[in-house]
>>> print(open('target-v4.cif').read())   # mmCIF, C-alpha atoms
data_final
loop_
_atom_site.label_atom_id
_atom_site.label_comp_id
_atom_site.auth_asym_id
_atom_site.auth_seq_id
_atom_site.Cartn_x
_atom_site.Cartn_y
_atom_site.Cartn_z
CA MET X 295 11.65 5.69 -11.82
CA THR X 296 9.90 2.33 -11.93
CA ALA X 297 6.18 2.39 -11.12
CA PHE X 298 4.62 -0.43 -9.10
CA THR X 299 1.00 -1.27 -8.51
CA PHE X 300 -0.35 -1.51 -5.00
CA GLY X 301 -0.24 -5.33 -5.08
CA GLU X 302 3.36 -5.35 -6.32
CA ALA X 303 4.46 -2.83 -3.68
CA THR X 304 2.72 -4.89 -0.98
CA THR X 305 4.38 -8.14 -1.98
CA ARG X 306 7.80 -6.49 -2.20
CA ALA X 307 7.41 -5.04 1.29
CA LEU X 308 6.26 -8.42 2.63
CA ALA X 309 9.25 -10.12 1.03
CA GLN X 310 11.70 -7.74 2.67
CA ALA X 311 9.98 -8.05 6.05
CA ALA X 312 9.93 -11.86 5.91
CA ALA X 313 13.57 -12.03 4.88
CA THR X 314 14.55 -9.74 7.75
CA ARG X 315 12.48 -11.69 10.30
CA SER X 316 13.76 -15.12 9.30
CA GLY X 317 17.32 -13.92 8.77
CA THR X 318 17.48 -15.83 5.48
CA SER X 319 18.19 -14.32 2.10
CA VAL X 320 15.58 -15.55 -0.37
CA ARG X 321 17.89 -14.92 -3.33
CA MET X 322 20.65 -17.28 -2.25
CA GLY X 323 20.85 -20.81 -3.54
CA HIS X 324 20.85 -23.50 -0.90
CA ARG X 325 24.08 -25.32 -0.06
CA THR X 326 22.60 -28.54 -1.38
CA GLY X 327 21.86 -26.99 -4.76
CA ALA X 328 18.09 -26.65 -4.24
CA ARG X 329 17.04 -23.44 -5.92
CA VAL X 330 14.53 -20.90 -4.59
CA ARG X 331 13.13 -18.48 -7.13
CA ARG X 332 13.68 -14.77 -6.78
CA ASP X 333 11.24 -12.68 -4.66
CA SER X 334 9.93 -15.77 -2.87
CA ILE X 335 8.62 -15.60 0.70
CA GLU X 336 8.56 -18.41 3.21
CA ALA X 337 5.15 -20.08 3.36
CA GLY X 338 3.22 -19.37 6.56
CA THR X 339 4.80 -15.95 7.26
CA PHE X 340 2.69 -13.57 5.14
CA GLU X 341 -0.58 -15.24 4.12
CA ASP X 342 -2.74 -13.47 6.73
CA MET X 343 -1.74 -10.11 5.28
CA PHE X 344 -1.82 -11.24 1.65
CA PHE X 345 -5.18 -12.97 1.33
CA ALA X 346 -8.48 -11.07 1.49
CA THR X 347 -11.94 -12.55 1.91
CA PRO X 348 -14.03 -11.57 -1.14
CA ALA X 349 -17.34 -9.82 -0.65
CA LYS X 350 -20.60 -11.45 -1.65
CA GLY X 351 -20.84 -11.59 -5.43
CA GLU X 352 -17.36 -10.17 -5.98
CA CYS X 353 -15.92 -13.35 -7.52
CA ASP X 354 -18.80 -13.61 -9.98
CA ARG X 355 -18.28 -9.98 -10.96
CA LEU X 356 -14.57 -10.62 -11.58
CA ILE X 357 -15.38 -13.61 -13.79
CA ARG X 358 -17.85 -11.53 -15.84
CA MET X 359 -15.24 -8.81 -16.12
CA ALA X 360 -12.62 -11.26 -17.41
CA ARG X 361 -15.02 -12.68 -20.03
CA THR X 362 -16.01 -9.21 -21.19
CA ALA X 363 -12.36 -8.15 -21.28
CA LEU X 364 -11.59 -11.10 -23.59
CA ASP X 365 -14.22 -9.92 -26.08
CA ALA X 366 -13.15 -6.30 -25.74
CA GLY X 367 -9.53 -7.22 -26.38
CA ARG X 368 -10.44 -9.07 -29.58
CA ARG X 369 -12.51 -6.11 -30.77
CA ILE X 370 -9.73 -3.61 -30.01
CA LYS X 371 -7.18 -5.76 -31.80
CA ARG X 372 -9.42 -5.99 -34.89
CA GLU X 373 -10.11 -2.24 -34.93
CA ALA X 374 -6.41 -1.37 -34.51
CA ARG X 375 -5.50 -3.71 -37.37
CA GLY X 376 -8.10 -2.05 -39.62
CA GLN X 377 -6.95 1.46 -38.71
CA GLY X 378 -3.29 0.56 -39.05
CA ARG X 379 -2.31 1.91 -35.63
CA ALA X 380 -0.26 0.48 -32.80
CA LEU X 381 -1.86 -0.61 -29.55
CA THR X 382 -1.24 1.34 -26.37
CA GLY X 383 0.04 -0.34 -23.22
CA PRO X 384 -3.38 -1.03 -21.64
CA GLU X 385 -4.79 -2.07 -25.02
CA GLN X 386 -1.91 -4.50 -25.52
CA ALA X 387 -2.51 -6.01 -22.08
CA LEU X 388 -6.21 -6.37 -22.86
CA ALA X 389 -5.59 -7.85 -26.30
CA SER X 390 -3.16 -10.42 -24.87
CA LEU X 391 -5.93 -12.16 -22.94
CA THR X 392 -6.67 -15.68 -24.16
CA ALA X 393 -9.50 -18.11 -23.59
CA GLY X 394 -7.15 -20.29 -21.55
CA ALA X 395 -6.24 -17.34 -19.31
CA VAL X 396 -9.91 -16.60 -18.68
CA ARG X 397 -10.56 -20.26 -17.87
CA VAL X 398 -7.70 -20.30 -15.35
CA TYR X 399 -9.03 -17.07 -13.85
CA GLU X 400 -12.46 -18.63 -13.43
CA GLU X 401 -10.92 -21.49 -11.46
CA LEU X 402 -8.96 -19.11 -9.23
CA CYS X 403 -12.06 -17.02 -8.52
CA THR X 404 -14.03 -20.16 -7.72
CA LEU X 405 -11.37 -21.27 -5.24
CA ALA X 406 -11.36 -17.78 -3.70
CA ARG X 407 -15.12 -17.96 -3.16
CA LEU X 408 -15.00 -21.47 -1.66
CA ASN X 409 -11.92 -20.94 0.54
CA ALA X 410 -12.57 -17.40 1.83
CA GLY X 411 -9.89 -15.90 -0.40
CA ARG X 412 -7.09 -18.34 0.45
CA VAL X 413 -5.94 -19.47 -3.01
CA TYR X 414 -2.64 -21.34 -3.47
CA PRO X 415 -3.18 -24.22 -5.97
CA SER X 416 -0.25 -25.83 -7.76
CA TYR X 417 0.21 -25.75 -11.53
CA ASP X 418 -0.76 -29.42 -11.70
CA ARG X 419 -3.96 -28.72 -9.73
CA LEU X 420 -4.94 -25.92 -12.14
CA ALA X 421 -4.03 -28.02 -15.18
CA ALA X 422 -6.22 -30.89 -13.97
CA ALA X 423 -9.16 -28.60 -13.15
CA THR X 424 -9.08 -26.69 -16.45
CA ALA X 425 -8.01 -29.54 -18.79
CA LEU X 426 -5.12 -27.40 -20.01
CA GLY X 427 -1.44 -28.18 -20.26
CA ARG X 428 0.95 -27.17 -17.53
CA ALA X 429 2.80 -24.77 -19.85
CA THR X 430 -0.52 -23.22 -20.91
CA VAL X 431 -1.43 -22.66 -17.25
CA ALA X 432 1.93 -21.01 -16.56
CA ARG X 433 1.50 -18.75 -19.59
CA ALA X 434 -2.09 -17.89 -18.58
CA LEU X 435 -1.01 -16.87 -15.07
CA GLN X 436 1.64 -14.57 -16.50
CA ILE X 437 -0.92 -12.97 -18.85
CA LEU X 438 -3.36 -12.40 -15.99
CA GLU X 439 -0.68 -10.88 -13.80
CA ASP X 440 0.51 -8.52 -16.58
CA ALA X 441 -3.07 -7.43 -17.28
CA GLY X 442 -3.73 -6.66 -13.61
CA PHE X 443 -6.34 -9.35 -12.94
CA LEU X 444 -4.11 -11.22 -10.51
CA VAL X 445 -1.55 -10.66 -7.77
CA ARG X 446 0.86 -13.59 -7.46
CA GLN X 447 3.42 -14.29 -4.76
CA ARG X 448 5.99 -17.07 -4.97
CA ARG X 449 6.54 -19.16 -1.84
CA PHE X 450 9.14 -21.57 -0.50
CA LYS X 451 9.11 -23.93 2.46
CA ARG X 452 11.62 -25.57 4.80
CA VAL X 453 12.53 -29.17 4.24
CA GLU X 454 14.38 -31.09 6.94
CA GLY X 455 17.02 -33.37 5.51
CA GLU X 456 20.23 -35.11 6.32
CA GLY X 457 23.22 -32.98 7.14
CA PRO X 458 23.59 -29.72 9.04
CA GLY X 459 21.16 -26.86 8.62
CA PRO X 460 17.69 -26.62 7.06
CA ARG X 461 16.96 -26.91 3.37
CA TRP X 462 14.47 -25.04 1.23
CA GLU X 463 12.32 -25.88 -1.73
CA GLN X 464 9.81 -24.05 -3.89
CA THR X 465 6.13 -24.63 -3.14
CA SER X 466 2.86 -23.45 -4.71
CA ASN X 467 2.28 -19.75 -5.28
CA ALA X 468 -0.30 -17.61 -3.48
CA TYR X 469 -2.87 -15.81 -5.65
CA ARG X 470 -5.30 -12.94 -5.08
CA PRO X 471 -7.81 -12.02 -7.83
CA VAL X 472 -8.21 -8.25 -8.11
CA VAL X 473 -9.92 -5.67 -10.32
CA PRO X 474 -7.65 -4.53 -13.19
CA LYS X 475 -7.77 -0.77 -12.60
CA ARG X 476 -5.58 0.09 -15.58
CA LEU X 477 -8.07 -1.62 -17.93
CA LEU X 478 -11.33 -0.21 -16.53
CA SER X 479 -11.43 2.64 -19.05
CA LEU X 480 -11.42 0.10 -21.91
CA LEU X 481 -14.29 -1.99 -20.51
CA PRO X 482 -18.02 -1.23 -20.78
CA ARG X 483 -19.43 1.38 -18.41
CA TRP X 484 -21.57 -1.12 -16.49
CA LEU X 485 -18.42 -2.90 -15.33
CA ARG X 486 -16.82 0.19 -13.84
CA PRO X 487 -17.47 1.21 -10.24
CA ALA X 488 -19.87 4.07 -9.64
CA PRO X 489 -18.25 7.50 -9.16
CA VAL X 490 -17.82 8.71 -5.60
CA PRO X 491 -20.46 11.29 -4.57
CA ASP X 492 -19.30 14.87 -4.04
CA ASP X 493 -20.40 14.92 -0.40
CA THR X 494 -18.25 11.85 0.27
CA LEU X 495 -15.22 13.56 -1.28
CA GLN X 496 -15.91 16.65 0.81
CA HIS X 497 -16.17 14.51 3.95
CA VAL X 498 -12.84 12.83 3.18
CA ALA X 499 -11.19 16.23 2.63
CA GLU X 500 -12.56 17.53 5.95
CA GLN X 501 -11.30 14.44 7.76
CA ALA X 502 -7.82 14.95 6.25
CA GLU X 503 -7.79 18.58 7.41
CA GLU X 504 -8.88 17.55 10.90
CA GLN X 505 -6.14 14.94 11.10
CA GLU X 506 -3.52 17.48 10.02
CA ARG X 507 -4.80 19.89 12.69
CA LEU X 508 -4.58 17.21 15.39
CA LYS X 509 -1.11 16.16 14.26
CA ALA X 510 0.07 19.76 14.53
CA GLN X 511 -0.84 19.72 18.24
CA LEU X 512 1.26 16.64 19.01
CA THR X 513 4.67 16.81 20.62
CA CYS X 514 7.71 15.47 18.81
CA ARG X 515 7.56 12.19 20.75
CA GLU X 516 3.86 11.66 20.10
CA LEU X 517 4.24 12.51 16.43
CA ALA X 518 6.95 9.86 16.00
CA GLN X 519 4.90 7.25 17.87
CA PHE X 520 1.74 7.74 15.80
CA THR X 521 3.25 8.24 12.34
CA VAL X 522 6.23 5.86 12.25
CA GLY X 523 6.18 2.30 13.55
CA GLY X 524 8.76 -0.34 14.30
CA ALA X 525 12.34 0.21 15.38
CA LEU X 526 12.62 3.49 13.48
CA GLY X 527 9.56 4.84 15.26
CA ARG X 528 11.04 3.98 18.67
CA VAL X 529 14.30 5.73 17.82
CA LEU X 530 12.49 8.83 16.56
CA ALA X 531 10.27 8.81 19.66
CA ARG X 532 13.36 8.91 21.90
CA LEU X 533 14.80 11.78 19.88
CA GLY X 534 11.49 13.59 20.01
CA GLY X 535 11.30 13.13 23.79
CA ALA X 536 14.74 14.71 24.11
CA LEU X 537 13.60 17.70 22.03
CA ASP X 538 10.46 18.04 24.12
CA ARG X 539 12.49 18.13 27.34
CA GLN X 540 14.85 20.77 25.96
CA THR X 541 11.99 22.99 24.76
CA PRO X 542 9.22 23.29 27.35
CA VAL X 543 5.83 24.14 25.92
CA ARG X 544 4.66 27.60 26.91
CA GLU X 545 1.50 29.47 26.15
CA SER X 546 3.48 32.27 24.54
CA HIS X 547 4.96 29.78 22.05
CA THR X 548 1.75 28.28 20.75
CA ASN X 549 -0.81 31.08 21.25
CA PRO X 550 0.81 34.46 21.91
CA GLU X 551 -1.43 37.29 23.05
CA PRO X 552 -0.98 40.93 21.94
CA LEU X 553 0.23 43.54 24.42
CA LEU X 554 -2.34 45.73 26.09
CA PRO X 555 -2.67 49.30 24.80
CA LEU X 556 -1.33 50.48 28.16
CA PHE X 557 2.09 48.96 27.37
CA GLU X 558 2.23 50.17 23.78
CA ARG X 559 2.96 53.77 24.70
CA GLU X 560 4.86 55.50 27.42
CA THR X 561 2.81 56.43 30.42
CA ASP X 562 2.68 60.03 31.52
CA ALA X 563 1.85 59.12 35.12
CA SER X 564 4.33 60.29 37.68
CA PRO X 565 6.32 57.42 39.24
CA LEU X 566 6.13 56.72 42.90
CA SER X 567 8.99 57.49 45.21
CA GLY X 568 11.96 55.25 44.46
CA GLU X 569 10.59 53.99 41.06
CA LYS X 570 11.97 54.62 37.62
CA PRO X 571 9.73 55.94 34.82
CA PHE X 572 8.22 53.13 32.74
CA SER X 573 8.99 53.10 29.02
CA SER X 574 7.69 50.75 26.32
CA ARG X 575 11.08 50.94 24.68
CA GLY X 576 12.32 48.62 27.38
CA LEU X 577 10.04 45.88 26.12
CA SER X 578 11.93 45.73 22.82
CA LYS X 579 14.98 44.54 24.70
CA ILE X 580 13.15 41.50 25.98
CA SER X 581 13.68 38.47 23.73
CA THR X 582 11.59 35.36 23.82
CA THR X 583 12.86 31.91 22.96
CA SER X 584 11.08 30.54 19.91
CA GLY X 585 9.62 27.03 20.08
CA THR X 586 11.45 24.11 18.42
CA VAL X 587 9.79 22.92 15.24
CA CYS X 588 9.47 19.12 15.06
#
>>> encode(input="target-v4.cif", output="structure tokens")
Amino acid sequence: MTAFTFGEATTRALAQAAATRSGTSVRMGHRTGARVRRDSIEAGTFEDMFFATPAKGECDRLIRMARTALDAGRRIKREARGQGRALTGPEQALASLTAGAVRVYEELCTLARLNAGRVYPSYDRLAAATALGRATVARALQILEDAGFLVRQRRFKRVEGEGPGPRWEQTSNAYRPVVPKRLLSLLPRWLRPAPVPDDTLQHVAEQAEEQERLKAQLTCRELAQFTVGGALGRVLARLGGALDRQTPVRESHTNPEPLLPLFERETDASPLSGEKPFSSRGLSKISTTSGTVC
């Protein structure tokens, strides 16, 4: 099974949603021959969910982390060469960092700080700002994405032209600088986030238990409405409503009470005139309908 990071899973889900909403397949070439690269999303349909405003000082911390990672990668490469061992996956990603990649990352973090996280410069814009070649910029972006410092999303836009139907063309990518979680163990301790306190973990566990308890009290319709969204959630809510109507909620289903001691044994009292003697054996013949499990 292929493993995806959170950023990759998010961009894939956004790509599928945008393709479904626009009714256009992003993997098809246009009738005019204009090509749109794979996994591209139409510009203006996903940016609000993709971009995130960085916290105060976060961009500076990411830049320091990238510079320290460059030095750490060189040191790890030198030590592995001296020991005659092969690099692991995270070590290889760290050792692949270059000075050009770090310079490009500095420019992206600067743009994120100035533009409230909305970063979508072109290759030419990055090449002019960093005094690097266009091919070097493209290679640096790929290195940063492989190392986990960057989440990149390709975009395309509509272009009105002569002839029937719209046309499409590739436009600048969208970028989001992130913390490389897979490389944190290889970086100095002062760059890693502080461990979560035990009382916070206990509070999170208690909240999860409380949510599970509340979910167990929901009907089938309510459970579908609160746990599944979209068209699937509406369909499941209708099915759950039908199950709720077929199985009325009774107190004996959710919280049955034990029988009184009086009914657990036969009574020796004499019956009144016209009554039959009461026997607890008759209770065993009574069957109750079990509740439907959602």
>>> closest_residue(input="target-v4.cif", among="X:Arg412, X:Arg428, X:Arg486, X:Arg507", to="Asn467 of chain X", atoms="all atoms listed in the file")
X:Arg412
>>> atom_distance(input="target-v4.cif", atom1="atom CA of Arg539 of chain X", atom2="atom CA of Ala510 of chain X")
17.9 Å
>>> closest_residue(input="target-v4.cif", among="X:Ser334, X:Gln519, X:Thr362, X:Thr513", to="Leu391 of chain X", atoms="all atoms listed in the file")
X:Thr362
>>> resolve_selection(input="target-v4.cif", expression="the PyMOL selection byres ((chain X and resi 330) around 6)", output="compact mmCIF listing (two decimals) with C-alpha atoms, in the coordinates of the input")
# COMPACT_ATOMS: atom_id res chain seq x y z
CA ARG X 329 17.04 -23.44 -5.92
CA ARG X 331 13.13 -18.48 -7.13
CA GLN X 464 9.81 -24.05 -3.89
>>> atom_distance(input="target-v4.cif", atom1="atom CA of Glu463 of chain X", atom2="atom CA of Arg433 of chain X")
22.1 Å
>>> closest_residue(input="target-v4.cif", among="X:Leu408, X:Val490, X:Ala395, X:Leu381", to="Ala429 of chain X", atoms="all atoms listed in the file")
X:Ala395
>>> residues_around(input="target-v4.cif", residues="Pro474 of chain X", least_positions_apart="6", cutoff="8 Å", atoms="all atoms listed in the file", output="MDAnalysis selection string")
chainID X and resid 441:443
>>> residues_around(input="target-v4.cif", residues="Leu477 of chain X", least_positions_apart="6", cutoff="9 Å", atoms="all atoms listed in the file", output="PyMOL selection string")
chain X and resi 363+384-385+387-388+441-442
>>> write_last_selection(input="target-v4.cif", atoms="C-alpha atoms", output="short mmCIF file (atom, residue, chain, number, x, y, z; two decimals), keeping the file's coordinate frame")
data_model
loop_
_atom_site.label_atom_id
_atom_site.label_comp_id
_atom_site.auth_asym_id
_atom_site.auth_seq_id
_atom_site.Cartn_x
_atom_site.Cartn_y
_atom_site.Cartn_z
CA ALA X 363 -12.36 -8.15 -21.28
CA PRO X 384 -3.38 -1.03 -21.64
CA GLU X 385 -4.79 -2.07 -25.02
CA ALA X 387 -2.51 -6.01 -22.08
CA LEU X 388 -6.21 -6.37 -22.86
CA ALA X 441 -3.07 -7.43 -17.28
CA GLY X 442 -3.73 -6.66 -13.61
#
>>> closest_residue(input="target-v4.cif", among="X:Ala488, X:Leu435, X:Ala502, X:Leu530", to="Tyr469 of chain X", atoms="only C-alpha atoms")
X:Leu435
>>> resolve_selection(input="target-v4.cif", expression="the PyMOL selection byres ((chain X and resi 394) around 8)", output="list in words")
Thr392, Ala393, Ala395, Val396, Arg397, Val398, Leu426, Thr430, Val431 and Ala434 of chain X
>>> atom_distance(input="target-v4.cif", atom1="atom CA of Arg476 of chain X", atom2="atom CA of Ala406 of chain X")
22.2 Å
>>> closest_residue(input="target-v4.cif", among="X:Arg515, X:Phe520, X:Lys350, X:Met343", to="Arg532 of chain X", atoms="all atoms listed in the file")
X:Arg515
>>> closest_residue(input="target-v4.cif", among="X:Gln540, X:Thr339, X:Ala346, X:Cys514", to="Arg528 of chain X", atoms="all atoms listed in the file")
X:Cys514
>>> build_atoms(input="target-v4.cif", residues="segment 503-514 of chain X", atoms="N, CA, C and O atoms", output="mmCIF file, keeping the file's coordinate frame")
data_model
loop_
_atom_site.group_PDB
_atom_site.id
_atom_site.type_symbol
_atom_site.label_atom_id
_atom_site.label_comp_id
_atom_site.auth_asym_id
_atom_site.auth_seq_id
_atom_site.Cartn_x
_atom_site.Cartn_y
_atom_site.Cartn_z
ATOM 1 N N GLU X 503 -8.145 17.315 6.771
ATOM 2 C CA GLU X 503 -7.790 18.580 7.410
ATOM 3 C C GLU X 503 -7.803 18.453 8.929
ATOM 4 O O GLU X 503 -6.944 18.995 9.624
ATOM 5 N N GLU X 504 -8.799 17.735 9.454
ATOM 6 C CA GLU X 504 -8.880 17.550 10.900
ATOM 7 C C GLU X 504 -7.688 16.748 11.425
ATOM 8 O O GLU X 504 -7.133 17.048 12.483
ATOM 9 N N GLN X 505 -7.291 15.719 10.685
ATOM 10 C CA GLN X 505 -6.140 14.940 11.100
ATOM 11 C C GLN X 505 -4.859 15.770 11.088
ATOM 12 O O GLN X 505 -4.027 15.656 11.992
ATOM 13 N N GLU X 506 -4.698 16.614 10.071
ATOM 14 C CA GLU X 506 -3.520 17.480 10.020
ATOM 15 C C GLU X 506 -3.540 18.466 11.195
ATOM 16 O O GLU X 506 -2.490 18.770 11.775
ATOM 17 N N ARG X 507 -4.721 18.969 11.549
ATOM 18 C CA ARG X 507 -4.800 19.890 12.690
ATOM 19 C C ARG X 507 -4.435 19.195 13.996
ATOM 20 O O ARG X 507 -3.718 19.756 14.836
ATOM 21 N N LEU X 508 -4.908 17.949 14.167
ATOM 22 C CA LEU X 508 -4.580 17.210 15.390
ATOM 23 C C LEU X 508 -3.101 16.846 15.440
ATOM 24 O O LEU X 508 -2.484 16.885 16.509
ATOM 25 N N LYS X 509 -2.529 16.489 14.292
ATOM 26 C CA LYS X 509 -1.110 16.160 14.260
ATOM 27 C C LYS X 509 -0.245 17.369 14.606
ATOM 28 O O LYS X 509 0.816 17.234 15.187
ATOM 29 N N ALA X 510 -0.701 18.555 14.227
ATOM 30 C CA ALA X 510 0.070 19.760 14.530
ATOM 31 C C ALA X 510 0.120 20.044 16.020
ATOM 32 O O ALA X 510 1.013 20.773 16.483
ATOM 33 N N GLN X 511 -0.821 19.502 16.795
ATOM 34 C CA GLN X 511 -0.840 19.720 18.240
ATOM 35 C C GLN X 511 -0.023 18.692 19.011
ATOM 36 O O GLN X 511 0.122 18.815 20.214
ATOM 37 N N LEU X 512 0.497 17.671 18.328
ATOM 38 C CA LEU X 512 1.260 16.640 19.010
ATOM 39 C C LEU X 512 2.680 17.110 19.291
ATOM 40 O O LEU X 512 3.238 17.941 18.565
ATOM 41 N N THR X 513 3.257 16.562 20.356
ATOM 42 C CA THR X 513 4.670 16.810 20.620
ATOM 43 C C THR X 513 5.517 15.973 19.669
ATOM 44 O O THR X 513 5.008 15.132 18.921
ATOM 45 N N CYS X 514 6.821 16.210 19.696
ATOM 46 C CA CYS X 514 7.710 15.470 18.810
ATOM 47 C C CYS X 514 7.665 13.966 19.110
ATOM 48 O O CYS X 514 7.680 13.149 18.184
#
